[in-house]
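**Student:** You'll find protein.pdb just under this line, and it carries PDB, C-alpha atoms.
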ATOM      1  CA  MET A   1     108.606 316.945 160.025
ATOM      2  CA  THR A   2     110.701 319.539 161.787
ATOM      3  CA  ARG A   3     109.514 323.004 162.696
ATOM      4  CA  GLY A   4     111.751 324.495 159.983
ATOM      5  CA  SER A   5     110.274 322.336 157.241
ATOM      6  CA  GLY A   6     106.773 323.211 158.438
ATOM      7  CA  LEU A   7     107.595 326.905 158.161
ATOM      8  CA  MET A   8     109.004 326.407 154.666
ATOM      9  CA  ARG A   9     105.923 324.406 153.623
ATOM     10  CA  ALA A  10     103.696 327.216 154.918
ATOM     11  CA  ALA A  11     105.774 329.783 153.011
ATOM     12  CA  LEU A  12     105.478 327.732 149.822
ATOM     13  CA  ARG A  13     101.720 327.389 150.177
ATOM     14  CA  ALA A  14     101.325 331.114 150.883
ATOM     15  CA  SER A  15     103.421 332.023 147.839
ATOM     16  CA  GLY A  16     100.928 331.023 145.139
ATOM     17  CA  LEU A  17     103.560 328.969 143.294
ATOM     18  CA  ARG A  18     101.581 325.750 143.506
ATOM     19  CA  SER A  19      98.690 327.312 141.545
ATOM     20  CA  TYR A  20     101.179 328.753 139.068
ATOM     21  CA  TRP A  21     102.705 325.312 138.544
ATOM     22  CA  ARG A  22      99.336 323.632 138.006
ATOM     23  CA  ARG A  23      98.303 326.286 135.517
ATOM     24  CA  HIS A  24     101.499 326.304 133.443
ATOM     25  CA  HIS A  25     102.702 322.710 133.689
ATOM     26  CA  PRO A  26     100.198 319.947 132.877
ATOM     27  CA  ALA A  27     102.506 317.403 134.526
ATOM     28  CA  LEU A  28     101.811 319.078 137.882
ATOM     29  CA  ARG A  29      98.023 319.107 137.677
ATOM     30  CA  GLU A  30      97.548 315.718 139.331
ATOM     31  CA  ALA A  31      97.523 315.812 143.111
ATOM     32  CA  SER A  32     100.168 313.082 143.405
ATOM     33  CA  ALA A  33     102.544 314.866 141.019
ATOM     34  CA  LEU A  34     102.048 318.164 142.844
ATOM     35  CA  ALA A  35     102.715 316.484 146.188
ATOM     36  CA  ALA A  36     105.907 314.914 144.802
ATOM     37  CA  ALA A  37     106.950 318.284 143.369
ATOM     38  CA  GLU A  38     106.405 320.032 146.684
ATOM     39  CA  ALA A  39     108.238 317.320 148.617
ATOM     40  CA  HIS A  40     111.211 317.459 146.252
ATOM     41  CA  LEU A  41     111.462 321.237 146.556
ATOM     42  CA  LEU A  42     111.165 321.175 150.351
ATOM     43  CA  ASN A  43     113.708 318.352 150.702
ATOM     44  CA  THR A  44     116.160 320.215 148.476
ATOM     45  CA  LEU A  45     115.713 323.442 150.417
ATOM     46  CA  ARG A  46     116.299 321.536 153.648
ATOM     47  CA  THR A  47     119.900 320.945 152.493
ATOM     48  CA  LEU A  48     120.656 324.677 152.273
ATOM     49  CA  PRO A  49     122.382 326.517 155.104
ATOM     50  CA  LEU A  50     119.945 328.055 157.575
ATOM     51  CA  THR A  51     120.525 331.624 156.377
ATOM     52  CA  GLN A  52     119.789 330.700 152.759
ATOM     53  CA  ARG A  53     116.668 328.765 153.770
ATOM     54  CA  ALA A  54     115.467 331.757 155.774
ATOM     55  CA  GLY A  55     116.043 334.071 152.824
ATOM     56  CA  TYR A  56     114.250 331.715 150.443
ATOM     57  CA  ALA A  57     111.298 331.439 152.822
ATOM     58  CA  ALA A  58     111.171 335.225 153.154
ATOM     59  CA  VAL A  59     111.034 335.674 149.390
ATOM     60  CA  LEU A  60     108.304 333.032 149.125
ATOM     61  CA  ARG A  61     106.301 334.877 151.765
ATOM     62  CA  MET A  62     106.817 338.189 149.939
ATOM     63  CA  LEU A  63     105.598 336.905 146.554
ATOM     64  CA  PRO A  64     101.955 337.953 147.140
ATOM     65  CA  LEU A  65     103.001 341.445 148.305
ATOM     66  CA  ALA A  66     105.426 341.867 145.406
ATOM     67  CA  TYR A  67     102.681 340.800 143.016
ATOM     68  CA  ARG A  68     100.313 343.347 144.535
ATOM     69  CA  LEU A  69     102.896 346.099 144.117
ATOM     70  CA  ARG A  70     103.854 345.000 140.592
ATOM     71  CA  THR A  71     100.248 344.837 139.344
ATOM     72  CA  GLY A  72      98.838 347.952 140.974
ATOM     73  CA  GLY A  73      97.048 346.348 143.897
ATOM     74  CA  ARG A  74      95.687 343.137 142.417
ATOM     75  CA  SER A  75      95.561 340.088 144.636
ATOM     76  CA  LEU A  76      97.846 337.229 143.673
ATOM     77  CA  HIS A  77      95.456 334.616 144.989
ATOM     78  CA  ARG A  78      92.447 335.991 143.124
ATOM     79  CA  ALA A  79      94.478 336.383 139.936
ATOM     80  CA  VAL A  80      95.826 332.865 140.277
ATOM     81  CA  ALA A  81      92.341 331.446 140.824
ATOM     82  CA  GLY A  82      90.919 333.372 137.864
ATOM     83  CA  GLU A  83      93.725 332.334 135.553
ATOM     84  CA  ALA A  84      93.435 328.714 136.624
ATOM     85  CA  ASN A  85      89.816 328.783 135.458
ATOM     86  CA  GLY A  86      90.780 330.300 132.119
ATOM     87  CA  THR A  87      89.334 333.730 132.938
ATOM     88  CA  ARG A  88      92.495 335.792 132.830
ATOM     89  CA  GLY A  89      90.703 339.086 132.412
ATOM     90  CA  GLY A  90      93.951 340.711 131.319
ATOM     91  CA  ARG A  91      95.651 340.124 134.660
ATOM     92  CA  PRO A  92      99.322 339.261 134.522
ATOM     93  CA  GLY A  93     100.246 336.084 136.280
ATOM     94  CA  LEU A  94     103.247 335.189 138.354
ATOM     95  CA  GLU A  95     105.286 335.929 135.236
ATOM     96  CA  ALA A  96     105.163 339.554 136.386
ATOM     97  CA  LEU A  97     107.208 338.533 139.404
ATOM     98  CA  ALA A  98     109.608 336.476 137.360
ATOM     99  CA  ALA A  99     110.764 339.745 135.829
ATOM    100  CA  LEU A 100     111.905 341.069 139.214
ATOM    101  CA  PRO A 101     115.473 340.282 140.305
ATOM    102  CA  GLY A 102     115.522 337.943 143.295
ATOM    103  CA  PHE A 103     111.963 336.848 142.720
ATOM    104  CA  ARG A 104     112.899 335.600 139.250
ATOM    105  CA  GLU A 105     115.456 333.208 140.721
ATOM    106  CA  VAL A 106     113.039 331.875 143.323
ATOM    107  CA  VAL A 107     110.227 331.385 140.798
ATOM    108  CA  ARG A 108     112.542 329.679 138.279
ATOM    109  CA  SER A 109     114.453 327.502 140.730
ATOM    110  CA  SER A 110     111.303 326.476 142.590
ATOM    111  CA  THR A 111     109.589 325.580 139.336
ATOM    112  CA  ALA A 112     112.591 323.603 138.096
ATOM    113  CA  LEU A 113     112.821 321.660 141.357
ATOM    114  CA  ALA A 114     109.075 321.035 141.309
ATOM    115  CA  LEU A 115     109.212 319.653 137.770
ATOM    116  CA  LEU A 116     112.153 317.421 138.668
ATOM    117  CA  GLY A 117     110.251 316.150 141.684
ATOM    118  CA  ALA A 118     107.243 315.301 139.542
ATOM    119  CA  LEU A 119     109.420 313.547 136.960
ATOM    120  CA  ASP A 120     111.196 311.530 139.641
ATOM    121  CA  SER A 121     107.937 310.518 141.273
ATOM    122  CA  ARG A 122     106.227 307.249 140.534
ATOM    123  CA  THR A 123     103.527 309.066 138.543
ATOM    124  CA  GLY A 124     106.145 310.889 136.481
ATOM    125  CA  ARG A 125     108.029 307.695 135.653
ATOM    126  CA  GLU A 126     104.799 305.943 134.628
ATOM    127  CA  THR A 127     103.828 308.876 132.390
ATOM    128  CA  ALA A 128     107.250 308.850 130.703
ATOM    129  CA  ARG A 129     106.849 305.227 129.610
TER     130      ARG A 129
END
For the file at hand, write its structure as structure tokens.
**Tutor:**
Amino acid sequence: MTRGSGLMRAALRASGLRSYWRRHHPALREASALAAAEAHLLNTLRTLPLTQRAGYAAVLRMLPLAYRLRTGGRSLHRAVAGEANGTRGGRPGLEALAALPGFREVVRSSTALALLGALDSRTGRETAR
């Protein structure tokens, strides 16, 4: 793994997207499917020019701050954990960020790539049978 891919992996993990995926997409709840989804996203992002990768990583890193601003100070990670346990408590999820330009594209494209990665994985192909 190169330094750049390690930075992108750290940005993805800090973003809260993985919890969002598990909560909204049953296909990504298994650890192997989530790992395949993450790998597919990271490998796809690795093909982008450096400036685009840097911008994507910056937006991933800003997701928790944008969530905090969008929801009046709530923590993305606490909201994600609460929603994952079925205790929403009226807190908006990452969908609140999907309404923001720039963030919307990152949330949607990341989710699409993650789902494709899970489908292309061994677990995804076995489930489809």
**Student:** Hey, what comes out of the PyMOL selection byres ((chain A and resi 27) around 9) on this file? Could you write it as JSON, numbers by chain?
**Tutor:** {"A": [21, 22, 25, 26, 28, 29, 30, 33, 34, 115, 118, 119, 124, 127]}
**Student:** Padding 3 Å on each side, edges along x, y and z: where is the centre of the box around the listed atoms of segment 21-34 of chain A, and how long are its edges in Å to one decimal? Output it as lines of an AutoDock Vina configuration file.
**Tutor:**
center_x = 100.1
center_y = 319.7
center_z = 138.1
size_x = 11.2
size_y = 19.2
size_z = 16.5
**Student:** Name the residues in contact with Ala11 of chain A at a cut-off of 6 Å, using only C-alpha atoms, excluding same-chain residues fewer than 4 positions from it; report them as a compact mmCIF listing (two decimals) with C-alpha atoms, in the frame of the given file.
**Tutor:**
# COMPACT_ATOMS: atom_id res chain seq x y z
CA ALA A 57 111.30 331.44 152.82
CA LEU A 60 108.30 333.03 149.12
CA ARG A 61 106.30 334.88 151.76
**Student:** Give me, please, the distance in Å between atom CA of Phe103 of chain A and atom CA of Val59 of chain A, quoted to one decimal.
**Tutor:**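 Atom-to-atom, atom CA of Phe103 of chain A to atom CA of Val59 of chain A, that is 6.8 Å.
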**Student:** Might you spell out which residues the PyMOL selection byres ((chain A and resi 40) around 10) would select in the displayed file, as a PyMOL selection string?
**Tutor:** chain A and resi 34-39+41-46+110+113-118+120-121
**Student:** Next, the residues of the selection above should be written as a PDB file, in the frame of the given file with C-alpha atoms.
**Tutor:**
ATOM      1  CA  LEU A  34     102.048 318.164 142.844  1.00  0.00           C
ATOM      2  CA  ALA A  35     102.715 316.484 146.188  1.00  0.00           C
ATOM      3  CA  ALA A  36     105.907 314.914 144.802  1.00  0.00           C
ATOM      4  CA  ALA A  37     106.950 318.284 143.369  1.00  0.00           C
ATOM      5  CA  GLU A  38     106.405 320.032 146.684  1.00  0.00           C
ATOM      6  CA  ALA A  39     108.238 317.320 148.617  1.00  0.00           C
ATOM      7  CA  LEU A  41     111.462 321.237 146.556  1.00  0.00           C
ATOM      8  CA  LEU A  42     111.165 321.175 150.351  1.00  0.00           C
ATOM      9  CA  ASN A  43     113.708 318.352 150.702  1.00  0.00           C
ATOM     10  CA  THR A  44     116.160 320.215 148.476  1.00  0.00           C
ATOM     11  CA  LEU A  45     115.713 323.442 150.417  1.00  0.00           C
ATOM     12  CA  ARG A  46     116.299 321.536 153.648  1.00  0.00           C
ATOM     13  CA  SER A 110     111.303 326.476 142.590  1.00  0.00           C
ATOM     14  CA  LEU A 113     112.821 321.660 141.357  1.00  0.00           C
ATOM     15  CA  ALA A 114     109.075 321.035 141.309  1.00  0.00           C
ATOM     16  CA  LEU A 115     109.212 319.653 137.770  1.00  0.00           C
ATOM     17  CA  LEU A 116     112.153 317.421 138.668  1.00  0.00           C
ATOM     18  CA  GLY A 117     110.251 316.150 141.684  1.00  0.00           C
ATOM     19  CA  ALA A 118     107.243 315.301 139.542  1.00  0.00           C
ATOM     20  CA  ASP A 120     111.196 311.530 139.641  1.00  0.00           C
ATOM     21  CA  SER A 121     107.937 310.518 141.273  1.00  0.00           C
TER      22      SER A 121
END
**Student:** Could segment 39-62 of chain A be completed with N, CA, C and O atoms and written as a PDB file, keeping the file's coordinate frame, please?
**Tutor:**
ATOM      1  N   ALA A  39     107.310 318.055 147.747  1.00  0.00           N
ATOM      2  CA  ALA A  39     108.238 317.320 148.617  1.00  0.00           C
ATOM      3  C   ALA A  39     109.672 317.449 148.127  1.00  0.00           C
ATOM      4  O   ALA A  39     110.598 317.651 148.923  1.00  0.00           O
ATOM      5  N   HIS A  40     109.869 317.349 146.809  1.00  0.00           N
ATOM      6  CA  HIS A  40     111.211 317.459 146.252  1.00  0.00           C
ATOM      7  C   HIS A  40     111.796 318.851 146.521  1.00  0.00           C
ATOM      8  O   HIS A  40     112.948 318.980 146.934  1.00  0.00           O
ATOM      9  N   LEU A  41     110.995 319.874 146.303  1.00  0.00           N
ATOM     10  CA  LEU A  41     111.462 321.237 146.556  1.00  0.00           C
ATOM     11  C   LEU A  41     111.816 321.414 148.029  1.00  0.00           C
ATOM     12  O   LEU A  41     112.888 321.911 148.366  1.00  0.00           O
ATOM     13  N   LEU A  42     110.928 321.002 148.921  1.00  0.00           N
ATOM     14  CA  LEU A  42     111.165 321.175 150.351  1.00  0.00           C
ATOM     15  C   LEU A  42     112.379 320.375 150.827  1.00  0.00           C
ATOM     16  O   LEU A  42     113.170 320.871 151.637  1.00  0.00           O
ATOM     17  N   ASN A  43     112.546 319.167 150.317  1.00  0.00           N
ATOM     18  CA  ASN A  43     113.708 318.352 150.702  1.00  0.00           C
ATOM     19  C   ASN A  43     115.001 318.974 150.189  1.00  0.00           C
ATOM     20  O   ASN A  43     116.026 318.919 150.873  1.00  0.00           O
ATOM     21  N   THR A  44     114.973 319.550 149.007  1.00  0.00           N
ATOM     22  CA  THR A  44     116.160 320.215 148.476  1.00  0.00           C
ATOM     23  C   THR A  44     116.486 321.454 149.307  1.00  0.00           C
ATOM     24  O   THR A  44     117.643 321.679 149.654  1.00  0.00           O
ATOM     25  N   LEU A  45     115.478 322.233 149.628  1.00  0.00           N
ATOM     26  CA  LEU A  45     115.713 323.442 150.417  1.00  0.00           C
ATOM     27  C   LEU A  45     116.222 323.108 151.808  1.00  0.00           C
ATOM     28  O   LEU A  45     116.982 323.879 152.402  1.00  0.00           O
ATOM     29  N   ARG A  46     115.841 321.962 152.323  1.00  0.00           N
ATOM     30  CA  ARG A  46     116.299 321.536 153.648  1.00  0.00           C
ATOM     31  C   ARG A  46     117.817 321.369 153.689  1.00  0.00           C
ATOM     32  O   ARG A  46     118.426 321.477 154.742  1.00  0.00           O
ATOM     33  N   THR A  47     118.453 321.137 152.535  1.00  0.00           N
ATOM     34  CA  THR A  47     119.900 320.945 152.493  1.00  0.00           C
ATOM     35  C   THR A  47     120.675 322.265 152.489  1.00  0.00           C
ATOM     36  O   THR A  47     121.891 322.250 152.656  1.00  0.00           O
ATOM     37  N   LEU A  48     119.993 323.373 152.293  1.00  0.00           N
ATOM     38  CA  LEU A  48     120.656 324.677 152.273  1.00  0.00           C
ATOM     39  C   LEU A  48     121.044 325.107 153.680  1.00  0.00           C
ATOM     40  O   LEU A  48     120.390 324.723 154.654  1.00  0.00           O
ATOM     41  N   PRO A  49     122.067 325.942 153.786  1.00  0.00           N
ATOM     42  CA  PRO A  49     122.382 326.517 155.104  1.00  0.00           C
ATOM     43  C   PRO A  49     121.187 327.315 155.626  1.00  0.00           C
ATOM     44  O   PRO A  49     120.383 327.843 154.848  1.00  0.00           O
ATOM     45  N   LEU A  50     121.086 327.414 156.931  1.00  0.00           N
ATOM     46  CA  LEU A  50     119.945 328.055 157.575  1.00  0.00           C
ATOM     47  C   LEU A  50     119.684 329.469 157.046  1.00  0.00           C
ATOM     48  O   LEU A  50     118.540 329.835 156.796  1.00  0.00           O
ATOM     49  N   THR A  51     120.728 330.251 156.845  1.00  0.00           N
ATOM     50  CA  THR A  51     120.525 331.624 156.377  1.00  0.00           C
ATOM     51  C   THR A  51     119.925 331.662 154.975  1.00  0.00           C
ATOM     52  O   THR A  51     119.059 332.496 154.692  1.00  0.00           O
ATOM     53  N   GLN A  52     120.353 330.750 154.111  1.00  0.00           N
ATOM     54  CA  GLN A  52     119.789 330.700 152.759  1.00  0.00           C
ATOM     55  C   GLN A  52     118.343 330.218 152.789  1.00  0.00           C
ATOM     56  O   GLN A  52     117.496 330.721 152.055  1.00  0.00           O
ATOM     57  N   ARG A  53     118.055 329.234 153.623  1.00  0.00           N
ATOM     58  CA  ARG A  53     116.668 328.765 153.770  1.00  0.00           C
ATOM     59  C   ARG A  53     115.767 329.892 154.265  1.00  0.00           C
ATOM     60  O   ARG A  53     114.653 330.080 153.775  1.00  0.00           O
ATOM     61  N   ALA A  54     116.256 330.646 155.227  1.00  0.00           N
ATOM     62  CA  ALA A  54     115.467 331.757 155.774  1.00  0.00           C
ATOM     63  C   ALA A  54     115.213 332.809 154.693  1.00  0.00           C
ATOM     64  O   ALA A  54     114.094 333.329 154.573  1.00  0.00           O
ATOM     65  N   GLY A  55     116.212 333.108 153.909  1.00  0.00           N
ATOM     66  CA  GLY A  55     116.043 334.071 152.824  1.00  0.00           C
ATOM     67  C   GLY A  55     115.065 333.579 151.780  1.00  0.00           C
ATOM     68  O   GLY A  55     114.215 334.343 151.290  1.00  0.00           O
ATOM     69  N   TYR A  56     115.161 332.308 151.432  1.00  0.00           N
ATOM     70  CA  TYR A  56     114.250 331.715 150.443  1.00  0.00           C
ATOM     71  C   TYR A  56     112.815 331.756 150.953  1.00  0.00           C
ATOM     72  O   TYR A  56     111.892 332.132 150.227  1.00  0.00           O
ATOM     73  N   ALA A  57     112.641 331.411 152.218  1.00  0.00           N
ATOM     74  CA  ALA A  57     111.298 331.439 152.822  1.00  0.00           C
ATOM     75  C   ALA A  57     110.753 332.860 152.845  1.00  0.00           C
ATOM     76  O   ALA A  57     109.564 333.084 152.577  1.00  0.00           O
ATOM     77  N   ALA A  58     111.616 333.826 153.128  1.00  0.00           N
ATOM     78  CA  ALA A  58     111.171 335.225 153.154  1.00  0.00           C
ATOM     79  C   ALA A  58     110.706 335.672 151.774  1.00  0.00           C
ATOM     80  O   ALA A  58     109.671 336.341 151.650  1.00  0.00           O
ATOM     81  N   VAL A  59     111.443 335.300 150.747  1.00  0.00           N
ATOM     82  CA  VAL A  59     111.034 335.674 149.390  1.00  0.00           C
ATOM     83  C   VAL A  59     109.726 334.980 149.025  1.00  0.00           C
ATOM     84  O   VAL A  59     108.840 335.596 148.427  1.00  0.00           O
ATOM     85  N   LEU A  60     109.569 333.721 149.384  1.00  0.00           N
ATOM     86  CA  LEU A  60     108.304 333.032 149.125  1.00  0.00           C
ATOM     87  C   LEU A  60     107.146 333.760 149.803  1.00  0.00           C
ATOM     88  O   LEU A  60     106.084 333.948 149.199  1.00  0.00           O
ATOM     89  N   ARG A  61     107.349 334.171 151.029  1.00  0.00           N
ATOM     90  CA  ARG A  61     106.301 334.877 151.765  1.00  0.00           C
ATOM     91  C   ARG A  61     105.994 336.241 151.141  1.00  0.00           C
ATOM     92  O   ARG A  61     104.876 336.732 151.233  1.00  0.00           O
ATOM     93  N   MET A  62     107.001 336.862 150.524  1.00  0.00           N
ATOM     94  CA  MET A  62     106.817 338.189 149.939  1.00  0.00           C
ATOM     95  C   MET A  62     106.218 338.152 148.530  1.00  0.00           C
ATOM     96  O   MET A  62     105.853 339.204 147.993  1.00  0.00           O
TER      97      MET A  62
END
